[in-house]
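Student: Structure provided below as structure tokens; questions to follow.
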Amino acid sequence: MVDIFLLMLSAILIENFIFSRFLGCCPFLGVSDKPATALSMGCAVTFVMTLSNAVTWLVHHYILVPYKLEYLKTIAFILIIATLVQFIEMFLKKYSPALYGALGIYLPLITTNCAVLGAALLDIDREFNFLQSVVFGFSGALGFTMAIVIFSGLRQRMAFANPPAAFRGVPLTLITAGLLAMAFAGFVGLQIA
């Protein structure tokens, strides 16, 4: 149980996909203007990343490895992730049109979100068992969600700032993201055995 907790802590803080690995920056910058939209995107990524880690682990260990098709893992994983995203998109379009409209183009971009694919590939590279794979996917997605929600809160506060003209808009957003990443860099030095 302690190993699972340490894996979760590591995935959320120490190896945060956005701040430590710089994966998933497109939705991080694109959907973080409102906290509600950021949280919704984080929930969608959490669902996809958790489920995709479980499914890709099963496909890898029960289809690709026995038939010696490991070289197809990236293609297979992208197809699995794309299928899961399509299901989410159809569900949101039918049951939550407002959220579907708010996420806009970024919902289909979860398919190519490198954080989701990166989590699946890291599972295989680290030789996690099934439980560790699911926990790592869920925790990595929680770290992604935490990062995007914190950043959206900062962006809301920046809306009331009056920076010099050269820093307005994208420059101030990127500087803020960099400072937030530096703050999370303090966790990188932690060693979890």
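Residue names in the structure tokens use chain letters A, B, ... in the order shown, residue numbers from 1 in each chain, and ligand numbers from 1 in the order shown.
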Which residues, written as a PyMOL selection string, have at least one atom at most 9 Å from segment 10-20 of chain A, with only C-alpha atoms counted and residues fewer than 4 positions away on the same chain left out?

Tutor: chain A and resi 5-6+24-25+28+115+118-119+136-144+146-148+177-178+180-192

Student: Give the alpha helix (DSSP H) residues of segment 24-185 of chain A, as DSSP finds them on the backbone, and put them as a PyMOL selection string.

Tutor: chain A and resi 25-30+35-59+73-95+97-103+114-125+130-158+170-185

Student: Can I get the selected residues back with C-alpha atoms, as a CSV table (one decimal), in the first residue's frame?

Tutor:
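Done, and the output landed in out-v8.csv:
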chain,number,residue,atom,x,y,z
A,25,CYS,CA,1.3,21.8,-22.8
A,26,CYS,CA,-1.2,22.5,-25.6
A,27,PRO,CA,-4.3,22.0,-23.5
A,28,PHE,CA,-2.5,23.5,-20.5
A,29,LEU,CA,-2.1,26.8,-22.3
A,30,GLY,CA,-5.3,26.6,-24.4
A,35,PRO,CA,-11.2,27.4,-13.9
A,36,ALA,CA,-14.4,25.5,-14.8
A,37,THR,CA,-13.2,24.7,-18.3
A,38,ALA,CA,-9.8,23.7,-16.9
A,39,LEU,CA,-11.4,21.4,-14.4
A,40,SER,CA,-13.6,19.8,-17.1
A,41,MET,CA,-10.6,19.3,-19.3
A,42,GLY,CA,-8.7,17.7,-16.4
A,43,CYS,CA,-11.6,15.4,-15.7
A,44,ALA,CA,-11.7,14.3,-19.3
A,45,VAL,CA,-8.0,13.7,-19.4
A,46,THR,CA,-8.2,11.8,-16.1
A,47,PHE,CA,-10.8,9.5,-17.4
A,48,VAL,CA,-9.0,8.9,-20.7
A,49,MET,CA,-5.5,8.5,-19.1
A,50,THR,CA,-6.7,6.1,-16.4
A,51,LEU,CA,-8.7,4.0,-18.8
A,52,SER,CA,-6.1,4.1,-21.6
A,53,ASN,CA,-3.3,3.0,-19.2
A,54,ALA,CA,-5.4,0.0,-18.2
A,55,VAL,CA,-6.4,-1.0,-21.7
A,56,THR,CA,-2.9,-0.4,-23.2
A,57,TRP,CA,-1.3,-2.5,-20.5
A,58,LEU,CA,-3.7,-5.3,-21.3
A,59,VAL,CA,-3.1,-5.0,-25.0
A,73,LYS,CA,2.9,-0.4,-29.3
A,74,THR,CA,2.9,3.3,-30.2
A,75,ILE,CA,0.4,2.9,-33.1
A,76,ALA,CA,-1.7,0.5,-31.0
A,77,PHE,CA,-1.7,2.9,-28.1
A,78,ILE,CA,-2.7,5.9,-30.2
A,79,LEU,CA,-5.6,3.9,-31.7
A,80,ILE,CA,-6.8,2.9,-28.2
A,81,ILE,CA,-6.6,6.5,-26.9
A,82,ALA,CA,-8.4,7.8,-30.0
A,83,THR,CA,-11.2,5.3,-29.5
A,84,LEU,CA,-11.6,6.4,-25.9
A,85,VAL,CA,-11.7,10.0,-26.8
A,86,GLN,CA,-14.3,9.4,-29.4
A,87,PHE,CA,-16.5,7.8,-26.8
A,88,ILE,CA,-16.1,10.7,-24.4
A,89,GLU,CA,-16.8,13.2,-27.2
A,90,MET,CA,-20.0,11.4,-28.2
A,91,PHE,CA,-21.1,11.2,-24.5
A,92,LEU,CA,-20.5,14.9,-23.9
A,93,LYS,CA,-22.1,16.0,-27.1
A,94,LYS,CA,-25.3,14.1,-26.2
A,95,TYR,CA,-25.4,14.7,-22.4
A,97,PRO,CA,-23.6,20.2,-24.9
A,98,ALA,CA,-22.4,23.2,-22.9
A,99,LEU,CA,-19.3,21.4,-21.7
A,100,TYR,CA,-18.8,20.0,-25.2
A,101,GLY,CA,-18.9,23.5,-26.6
A,102,ALA,CA,-16.6,24.9,-23.9
A,103,LEU,CA,-13.9,22.3,-24.5
A,114,CYS,CA,1.4,13.6,-25.5
A,115,ALA,CA,0.7,13.3,-21.7
A,116,VAL,CA,-1.8,10.5,-22.3
A,117,LEU,CA,0.4,8.7,-24.7
A,118,GLY,CA,3.5,9.3,-22.5
A,119,ALA,CA,1.8,7.8,-19.5
A,120,ALA,CA,1.0,4.6,-21.4
A,121,LEU,CA,4.5,4.3,-22.8
A,122,LEU,CA,6.1,5.0,-19.4
A,123,ASP,CA,4.0,2.2,-17.9
A,124,ILE,CA,5.5,-0.3,-20.3
A,125,ASP,CA,9.1,1.1,-20.1
A,130,PHE,CA,-1.6,-3.7,-13.9
A,131,LEU,CA,-2.4,-2.0,-10.6
A,132,GLN,CA,0.6,0.2,-10.8
A,133,SER,CA,-0.2,1.1,-14.4
A,134,VAL,CA,-3.8,2.2,-13.5
A,135,VAL,CA,-2.6,4.1,-10.4
A,136,PHE,CA,0.2,5.8,-12.4
A,137,GLY,CA,-2.3,6.9,-15.1
A,138,PHE,CA,-4.8,8.1,-12.6
A,139,SER,CA,-2.2,10.0,-10.5
A,140,GLY,CA,-0.5,11.5,-13.5
A,141,ALA,CA,-3.9,12.8,-14.7
A,142,LEU,CA,-4.5,14.2,-11.3
A,143,GLY,CA,-1.2,16.0,-11.5
A,144,PHE,CA,-2.2,17.3,-14.9
A,145,THR,CA,-5.6,18.4,-13.6
A,146,MET,CA,-4.0,20.1,-10.5
A,147,ALA,CA,-1.5,22.0,-12.8
A,148,ILE,CA,-4.1,23.2,-15.2
A,149,VAL,CA,-6.5,24.3,-12.5
A,150,ILE,CA,-3.8,26.1,-10.5
A,151,PHE,CA,-2.7,27.8,-13.7
A,152,SER,CA,-6.3,28.8,-14.6
A,153,GLY,CA,-6.6,30.4,-11.2
A,154,LEU,CA,-3.5,32.4,-11.8
A,155,ARG,CA,-4.7,33.4,-15.2
A,156,GLN,CA,-7.9,34.7,-13.6
A,157,ARG,CA,-5.9,36.8,-11.2
A,158,MET,CA,-3.7,38.1,-14.1
A,170,VAL,CA,0.8,35.5,-24.3
A,171,PRO,CA,4.1,36.8,-22.9
A,172,LEU,CA,2.7,37.2,-19.3
A,173,THR,CA,1.0,33.8,-19.7
A,174,LEU,CA,4.2,32.1,-20.6
A,175,ILE,CA,6.2,33.8,-17.9
A,176,THR,CA,3.6,32.7,-15.3
A,177,ALA,CA,3.7,29.1,-16.6
A,178,GLY,CA,7.5,29.2,-16.3
A,179,LEU,CA,7.4,30.5,-12.8
A,180,LEU,CA,4.9,27.8,-11.8
A,181,ALA,CA,7.1,25.2,-13.4
A,182,MET,CA,10.0,26.5,-11.4
A,183,ALA,CA,8.0,26.2,-8.2
A,184,PHE,CA,7.2,22.6,-9.0
A,185,ALA,CA,10.9,21.9,-9.8

Student: Atom CA of Asn113 of chain A and atom CA of Leu23 of chain A, how far apart in Å?

Tutor: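 One can read the atom CA of Leu23 of chain A to atom CA of Asn113 of chain A distance as 7.7 Å.
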